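Trainee: Dropping in start31.txt, with compact mmCIF, C-alpha atoms.
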```txt
# COMPACT_ATOMS: atom_id res chain seq x y z
CA MET A 175 -24.33 6.78 11.60
CA ASN A 176 -23.55 9.07 8.68
CA GLN A 177 -23.68 8.18 5.03
CA PHE A 178 -23.32 10.37 2.01
CA ALA A 179 -22.15 10.36 -1.57
CA ILE A 180 -19.16 12.30 -2.84
CA PRO A 181 -19.80 12.85 -6.55
CA GLY A 182 -17.16 12.76 -9.23
CA ASN A 183 -17.08 14.48 -12.58
CA GLY A 184 -19.81 12.35 -14.22
CA PHE A 185 -17.92 10.53 -16.98
CA ALA A 186 -19.98 10.93 -20.15
CA GLY A 187 -21.45 7.95 -21.92
CA ARG A 188 -23.38 4.84 -21.03
CA ALA A 189 -21.27 2.30 -19.13
CA PRO A 190 -21.83 -1.40 -18.48
CA SER A 191 -22.62 -2.62 -14.97
CA PRO A 192 -19.48 -2.24 -12.87
CA LYS A 193 -17.49 -5.14 -11.50
CA LYS A 194 -17.49 -5.28 -7.67
CA VAL A 195 -14.12 -5.63 -5.93
CA THR A 196 -13.22 -5.56 -2.22
CA ILE A 197 -9.70 -4.75 -1.07
CA SER A 198 -8.15 -5.19 2.37
CA ILE A 199 -5.06 -3.94 4.20
CA GLY A 200 -2.02 -3.82 1.92
CA GLU A 201 -3.98 -4.29 -1.28
CA TYR A 202 -4.76 -2.09 -4.27
CA TYR A 203 -6.88 -2.42 -7.40
CA ALA A 204 -7.06 -0.47 -10.65
CA SER A 205 -9.37 -0.89 -13.63
CA ARG A 206 -10.00 0.41 -17.13
CA GLU A 207 -13.45 -1.18 -17.11
CA PRO A 208 -16.14 0.14 -14.73
CA ALA A 209 -15.58 -1.21 -11.22
CA VAL A 210 -16.84 -0.40 -7.74
CA ILE A 211 -14.00 -0.90 -5.25
CA SER A 212 -14.89 -1.27 -1.57
CA THR A 213 -12.86 -1.22 1.62
CA LEU A 214 -13.34 -0.79 5.37
CA LEU A 215 -11.10 1.70 7.15
CA GLY A 216 -10.15 2.43 10.74
CA SER A 217 -6.77 4.12 11.22
CA CYS A 218 -5.74 3.03 7.70
CA VAL A 219 -6.07 5.40 4.74
CA ALA A 220 -7.44 4.68 1.28
CA VAL A 221 -6.61 6.82 -1.73
CA CYS A 222 -8.96 6.73 -4.71
CA LEU A 223 -7.29 7.89 -7.93
CA PHE A 224 -9.04 8.48 -11.24
CA ASP A 225 -8.58 10.10 -14.62
CA PRO A 226 -11.91 11.81 -15.39
CA LYS A 227 -11.30 11.80 -19.16
CA SER A 228 -10.39 8.14 -19.64
CA GLY A 229 -12.58 6.76 -16.83
CA ILE A 230 -9.65 4.77 -15.43
CA GLY A 231 -9.30 4.59 -11.67
CA GLY A 232 -8.20 2.62 -8.65
CA MET A 233 -7.91 2.47 -4.87
CA ASN A 234 -5.34 1.36 -2.31
CA HIS A 235 -5.54 0.55 1.42
CA ILE A 236 -2.50 1.80 3.36
CA LEU A 237 -1.54 0.63 6.85
CA LEU A 238 1.60 2.67 7.59
CA PRO A 239 3.50 5.71 6.31
CA GLY A 240 6.97 5.22 4.89
CA ARG A 241 8.44 2.60 2.59
CA ALA A 242 8.69 -1.18 2.84
CA ASP A 243 12.02 -2.96 2.79
CA LEU A 244 11.38 -5.12 -0.26
CA ASN A 245 14.16 -7.56 0.71
CA ASN A 246 12.34 -8.55 3.89
CA TYR A 247 8.67 -7.92 3.35
CA ASN A 248 6.22 -9.25 0.79
CA LEU A 249 3.29 -6.81 1.05
CA PRO A 250 4.77 -3.41 0.14
CA ALA A 251 1.34 -1.90 -0.54
CA ARG A 252 0.80 -1.76 3.23
CA PHE A 253 3.32 1.10 3.29
CA GLY A 254 2.50 4.60 2.08
CA ILE A 255 5.14 5.34 -0.55
CA ASN A 256 4.95 1.86 -2.05
CA ALA A 257 1.14 1.82 -2.06
CA MET A 258 0.98 5.20 -3.80
CA GLU A 259 3.61 4.31 -6.39
CA LEU A 260 1.97 0.95 -7.10
CA LEU A 261 -1.46 2.55 -7.57
CA ILE A 262 -0.19 5.41 -9.74
CA ASN A 263 1.78 2.99 -11.93
CA ALA A 264 -1.22 0.64 -12.20
CA VAL A 265 -3.65 3.30 -13.44
CA MET A 266 -1.06 4.73 -15.82
CA ALA A 267 -0.34 1.26 -17.23
CA LEU A 268 -4.05 1.02 -18.06
CA GLY A 269 -3.93 4.32 -19.96
CA ALA A 270 -4.59 7.05 -17.40
CA ASP A 271 -2.78 10.35 -17.90
CA ARG A 272 -0.77 11.30 -14.81
CA CYS A 273 -1.44 15.00 -15.43
CA ARG A 274 -5.20 14.40 -15.19
CA LEU A 275 -5.18 12.22 -12.06
CA ARG A 276 -7.42 13.36 -9.22
CA ALA A 277 -7.67 11.92 -5.72
CA LYS A 278 -10.19 11.32 -2.96
CA VAL A 279 -8.77 10.39 0.43
CA PHE A 280 -10.48 8.58 3.31
CA GLY A 281 -9.64 7.13 6.73
CA GLY A 282 -7.00 7.97 9.32
CA ALA A 283 -9.42 7.65 12.24
CA CYS A 284 -8.37 7.35 15.88
CA VAL A 285 -10.20 4.13 16.72
CA ILE A 286 -8.32 3.16 19.90
CA PRO A 287 -10.18 4.56 22.95
CA GLY A 288 -8.14 6.94 25.10
CA LEU A 289 -5.45 7.61 22.49
CA ILE A 290 -4.86 11.28 21.69
CA GLU A 291 -5.76 11.75 18.04
CA LYS A 292 -2.66 13.71 17.06
CA GLN A 293 -0.48 10.88 18.47
CA ALA A 294 -2.35 8.14 16.61
CA VAL A 295 -0.94 6.42 13.53
CA GLY A 296 -4.05 7.41 11.54
CA GLN A 297 -3.25 11.12 11.86
CA LYS A 298 0.37 10.57 10.81
CA LEU A 299 -0.69 8.40 7.89
CA ALA A 300 -3.25 10.96 6.69
CA SER A 301 -0.63 13.74 6.87
CA PHE A 302 1.82 11.59 4.94
CA VAL A 303 -0.67 10.86 2.14
CA LEU A 304 -1.76 14.50 1.78
CA SER A 305 1.89 15.60 1.63
CA PHE A 306 2.71 12.91 -0.96
CA LEU A 307 -0.17 13.91 -3.23
CA GLU A 308 0.77 17.60 -2.98
CA LYS A 309 4.40 16.88 -3.89
CA GLU A 310 3.29 14.75 -6.84
CA GLY A 311 0.93 17.47 -8.09
CA ILE A 312 -2.16 15.27 -7.83
CA GLY A 313 -5.21 17.36 -6.96
CA ILE A 314 -7.36 16.27 -4.03
CA ILE A 315 -11.04 16.71 -4.88
CA SER A 316 -12.38 15.62 -1.50
CA ARG A 317 -11.33 14.06 1.77
CA ALA A 318 -12.84 12.56 4.93
CA LEU A 319 -10.02 12.07 7.42
CA GLY A 320 -9.55 11.75 11.17
CA GLY A 321 -12.30 11.49 13.74
CA THR A 322 -13.21 8.26 15.50
CA CYS A 323 -15.58 6.56 13.03
CA VAL A 324 -15.05 3.43 11.00
CA ARG A 325 -15.49 4.24 7.32
CA ASN A 326 -16.92 1.98 4.65
CA VAL A 327 -15.88 3.38 1.26
CA LYS A 328 -17.15 2.40 -2.18
CA PHE A 329 -15.45 4.02 -5.17
CA HIS A 330 -16.67 3.91 -8.79
CA THR A 331 -13.61 3.95 -11.04
CA ARG A 332 -15.44 5.11 -14.17
CA THR A 333 -17.21 8.15 -12.69
CA GLY A 334 -14.99 9.00 -9.74
CA ASP A 335 -18.02 8.88 -7.44
CA ALA A 336 -17.41 7.75 -3.87
CA TYR A 337 -20.00 6.52 -1.39
CA LEU A 338 -19.01 6.87 2.26
CA LYS A 339 -20.69 5.32 5.28
CA GLN A 340 -19.38 6.27 8.74
CA SER A 341 -20.36 4.46 11.91
CA HIS A 342 -19.54 3.51 15.48
CA SER A 343 -20.36 -0.17 15.68
CA LEU A 344 -19.09 -3.64 16.49
CA LYS A 345 -17.11 -3.36 13.28
CA THR A 346 -14.85 -0.90 15.11
CA SER A 347 -13.50 -3.43 17.61
CA ARG A 348 -13.06 -6.08 14.90
CA LEU A 349 -11.22 -3.63 12.66
CA VAL A 350 -8.95 -2.44 15.48
CA LEU A 351 -8.02 -6.06 16.23
CA GLU A 352 -7.27 -6.71 12.56
CA GLU A 353 -5.09 -3.60 12.26
CA GLN A 354 -3.22 -4.42 15.50
CA LYS A 355 -2.63 -7.96 14.22
CA LYS A 356 -1.11 -6.55 11.03
CA PHE A 357 1.14 -4.21 13.08
CA SER A 358 2.34 -7.22 15.10
CA GLN A 359 3.05 -9.23 11.96
CA ILE A 360 5.16 -6.39 10.61
CA ARG A 361 7.16 -6.16 13.85
CA GLU A 362 7.95 -9.87 13.63
CA THR A 363 8.60 -10.00 9.89
CA VAL A 364 10.67 -6.91 9.20
CA LYS A 365 14.22 -7.33 10.51
CA ALA A 366 16.15 -4.56 8.78
CA PRO A 367 15.66 -0.89 9.79
CA MET A 368 13.37 1.20 7.59
CA ASP A 369 11.99 4.70 7.39
CA VAL A 370 8.77 3.97 9.27
CA THR A 371 7.60 4.26 12.86
CA ILE A 372 5.24 1.62 14.24
CA PHE A 373 2.88 2.74 16.99
```
The structure in this file should be written as structure tokens.

Mentor:
Amino acid sequence: MNQFAIPGNGFAGRAPSPKKVTISIGEYYASREPAVISTLLGSCVAVCLFDPKSGIGGMNHILLPGRADLNNYNLPARFGINAMELLINAVMALGADRCRLRAKVFGGACVIPGLIEKQAVGQKLASFVLSFLEKEGIGIISRALGGTCVRNVKFHTRTGDAYLKQSHSLKTSRLVLEEQKKFSQIRETVKAPMDVTIF
């Protein structure tokens, strides 16, 4: 089990105790007030965005690369492009400056035994997110991607600090089952073709 902190830029000033928020697959959260956002990742990827000057930040939890068909699906934040656009718009609506946004990226593990990592959805999702951030000109301060560990991420929106705990545990099998269930739901729900491959 590995655990370590990934420091941010140390937003100046005394801040009130942060609100604690947990997000799951297909969700995102942004805040102007201090908040610690938590999520548990297997093959999914979470992007933490923050503006170090304003102290505004947020996190998403992405299941698949590509874009949701909004006519047929009601959780667009599960899909990469939608999740990134929703998070960027949310932090900007709270007052963050897009030019100052910085990112920390976590997840994309290969948690299914016997699956070649480069063929796994986590690797493709991680590559998608990194490419998206580069095209949008959002600097990536740190990343912890790939591998086979489940990641528990806690992100402090005011400071940009991230706390990461990696482990091989019973949580792995539970998380894999949850992610596979979400994949199955998408197969059944989405009827129209879209720019996304489901593995």

Trainee: Would you compute the distance between atom CA of A:Pro192 and atom CA of A:Asn256? Give it in Å to one decimal.

Mentor: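 Taking atom CA of A:Pro192 and atom CA of A:Asn256, their separation equals 27.0 Å.
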
Trainee: Kindly provide, as an MDAnalysis selection string, the polymer residues lying within 7 Å of (-15.6, 5.5, 1.3), counting all atoms listed in the file and using the coordinates exactly as they appear in the file.

Mentor: chainID A and resid 280 325:329 336:339

Trainee: Distance atom CA of A:Leu260-atom CA of A:Ser305, one decimal place?

Mentor: 17.1 Å

Trainee: Can you tell me, as a list in words, which residues sit within 6 Å of (-17.1, 4.2, 12.4) in the file's frame, using all atoms listed in the file?

Mentor: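 Residues found, by chain and rising number: Cys323, Val324, Arg325, Gln340, Ser341 and His342 of chain A.
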
Trainee: Please write the residues from the selection above to a file, keeping C-alpha atoms, as an mmCIF file, in the frame of the given file.

Mentor:
```cif
data_model
loop_
_atom_site.group_PDB
_atom_site.id
_atom_site.type_symbol
_atom_site.label_atom_id
_atom_site.label_comp_id
_atom_site.auth_asym_id
_atom_site.auth_seq_id
_atom_site.Cartn_x
_atom_site.Cartn_y
_atom_site.Cartn_z
ATOM 1 C CA CYS A 323 -15.580 6.560 13.030
ATOM 2 C CA VAL A 324 -15.050 3.430 11.000
ATOM 3 C CA ARG A 325 -15.490 4.240 7.320
ATOM 4 C CA GLN A 340 -19.380 6.270 8.740
ATOM 5 C CA SER A 341 -20.360 4.460 11.910
ATOM 6 C CA HIS A 342 -19.540 3.510 15.480
#
```

Trainee: List as a ChimeraX atom specification the protein and nucleic acid residues near A:Gly254, meaning an atom at most 12 Å away when only C-alpha atoms are counted, but skip any in the same chain fewer than 5 places from it.

Mentor: /A:199-202,218-221,234-242,249,259-261,296,298-307,369-371

Trainee: Once you have the residues from the selection above, write them out as a compact mmCIF listing (two decimals), keeping the file's coordinate frame, restricted to C-alpha atoms.

Mentor:
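Listed below is the output, again25.txt:
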```txt
# COMPACT_ATOMS: atom_id res chain seq x y z
CA ILE A 199 -5.06 -3.94 4.20
CA GLY A 200 -2.02 -3.82 1.92
CA GLU A 201 -3.98 -4.29 -1.28
CA TYR A 202 -4.76 -2.09 -4.27
CA CYS A 218 -5.74 3.03 7.70
CA VAL A 219 -6.07 5.40 4.74
CA ALA A 220 -7.44 4.68 1.28
CA VAL A 221 -6.61 6.82 -1.73
CA ASN A 234 -5.34 1.36 -2.31
CA HIS A 235 -5.54 0.55 1.42
CA ILE A 236 -2.50 1.80 3.36
CA LEU A 237 -1.54 0.63 6.85
CA LEU A 238 1.60 2.67 7.59
CA PRO A 239 3.50 5.71 6.31
CA GLY A 240 6.97 5.22 4.89
CA ARG A 241 8.44 2.60 2.59
CA ALA A 242 8.69 -1.18 2.84
CA LEU A 249 3.29 -6.81 1.05
CA GLU A 259 3.61 4.31 -6.39
CA LEU A 260 1.97 0.95 -7.10
CA LEU A 261 -1.46 2.55 -7.57
CA GLY A 296 -4.05 7.41 11.54
CA LYS A 298 0.37 10.57 10.81
CA LEU A 299 -0.69 8.40 7.89
CA ALA A 300 -3.25 10.96 6.69
CA SER A 301 -0.63 13.74 6.87
CA PHE A 302 1.82 11.59 4.94
CA VAL A 303 -0.67 10.86 2.14
CA LEU A 304 -1.76 14.50 1.78
CA SER A 305 1.89 15.60 1.63
CA PHE A 306 2.71 12.91 -0.96
CA LEU A 307 -0.17 13.91 -3.23
CA ASP A 369 11.99 4.70 7.39
CA VAL A 370 8.77 3.97 9.27
CA THR A 371 7.60 4.26 12.86
```

Trainee: Give me, please, the distance in Å between atom CA of A:Leu214 and atom CA of A:Ala264, quoted to one decimal.

Mentor: 21.4 Å

Trainee: Return the single residue from A:Glu207, A:Glu308, A:Glu352, A:Asp225 that is closest to A:Lys194, with distances computed using all atoms listed in the file.

Mentor: A:Glu207

Trainee: What's the 9 Å shell around A:Ser228, counting only C-alpha atoms, without same-chain residues fewer than 2 positions away, as a list in words?

Mentor: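 The filter keeps Phe185, Arg206, Phe224, Asp225, Pro226, Ile230, Gly231, Gly269, Ala270, Asp271 and Arg332 of chain A.
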
Trainee: Can you tell me, as a tab-separated table (two decimals) with C-alpha atoms, keeping the file's coordinate frame, what residues are no more than 6 Å from A:Ala283 when counting only C-alpha atoms, ignoring any on the same chain fewer than 5 positions away?

Mentor:
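And here is the file that came out, around31.tsv:
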```
chain	number	residue	atom	x	y	z
A	216	GLY	CA	-10.15	2.43	10.74
A	217	SER	CA	-6.77	4.12	11.22
A	296	GLY	CA	-4.05	7.41	11.54
A	320	GLY	CA	-9.55	11.75	11.17
A	321	GLY	CA	-12.30	11.49	13.74
A	322	THR	CA	-13.21	8.26	15.50
```

Trainee: If we count all atoms listed in the file, what is near A:Lys278 at a cut-off of 10 Å, once residues fewer than 6 positions away on the same chain are taken out, given as a PDB file with C-alpha atoms, in the coordinates of the input?

Mentor:
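Result saved to out_17.pdb:
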```pdb
ATOM      1  CA  ILE A 180     -19.160  12.300  -2.840  1.00  0.00           C
ATOM      2  CA  GLY A 182     -17.160  12.760  -9.230  1.00  0.00           C
ATOM      3  CA  ALA A 220      -7.440   4.680   1.280  1.00  0.00           C
ATOM      4  CA  VAL A 221      -6.610   6.820  -1.730  1.00  0.00           C
ATOM      5  CA  CYS A 222      -8.960   6.730  -4.710  1.00  0.00           C
ATOM      6  CA  LEU A 223      -7.290   7.890  -7.930  1.00  0.00           C
ATOM      7  CA  PHE A 224      -9.040   8.480 -11.240  1.00  0.00           C
ATOM      8  CA  MET A 233      -7.910   2.470  -4.870  1.00  0.00           C
ATOM      9  CA  GLY A 313      -5.210  17.360  -6.960  1.00  0.00           C
ATOM     10  CA  ILE A 314      -7.360  16.270  -4.030  1.00  0.00           C
ATOM     11  CA  ILE A 315     -11.040  16.710  -4.880  1.00  0.00           C
ATOM     12  CA  SER A 316     -12.380  15.620  -1.500  1.00  0.00           C
ATOM     13  CA  ARG A 317     -11.330  14.060   1.770  1.00  0.00           C
ATOM     14  CA  ALA A 318     -12.840  12.560   4.930  1.00  0.00           C
ATOM     15  CA  PHE A 329     -15.450   4.020  -5.170  1.00  0.00           C
ATOM     16  CA  GLY A 334     -14.990   9.000  -9.740  1.00  0.00           C
ATOM     17  CA  ASP A 335     -18.020   8.880  -7.440  1.00  0.00           C
ATOM     18  CA  ALA A 336     -17.410   7.750  -3.870  1.00  0.00           C
TER      19      ALA A 336
END
```
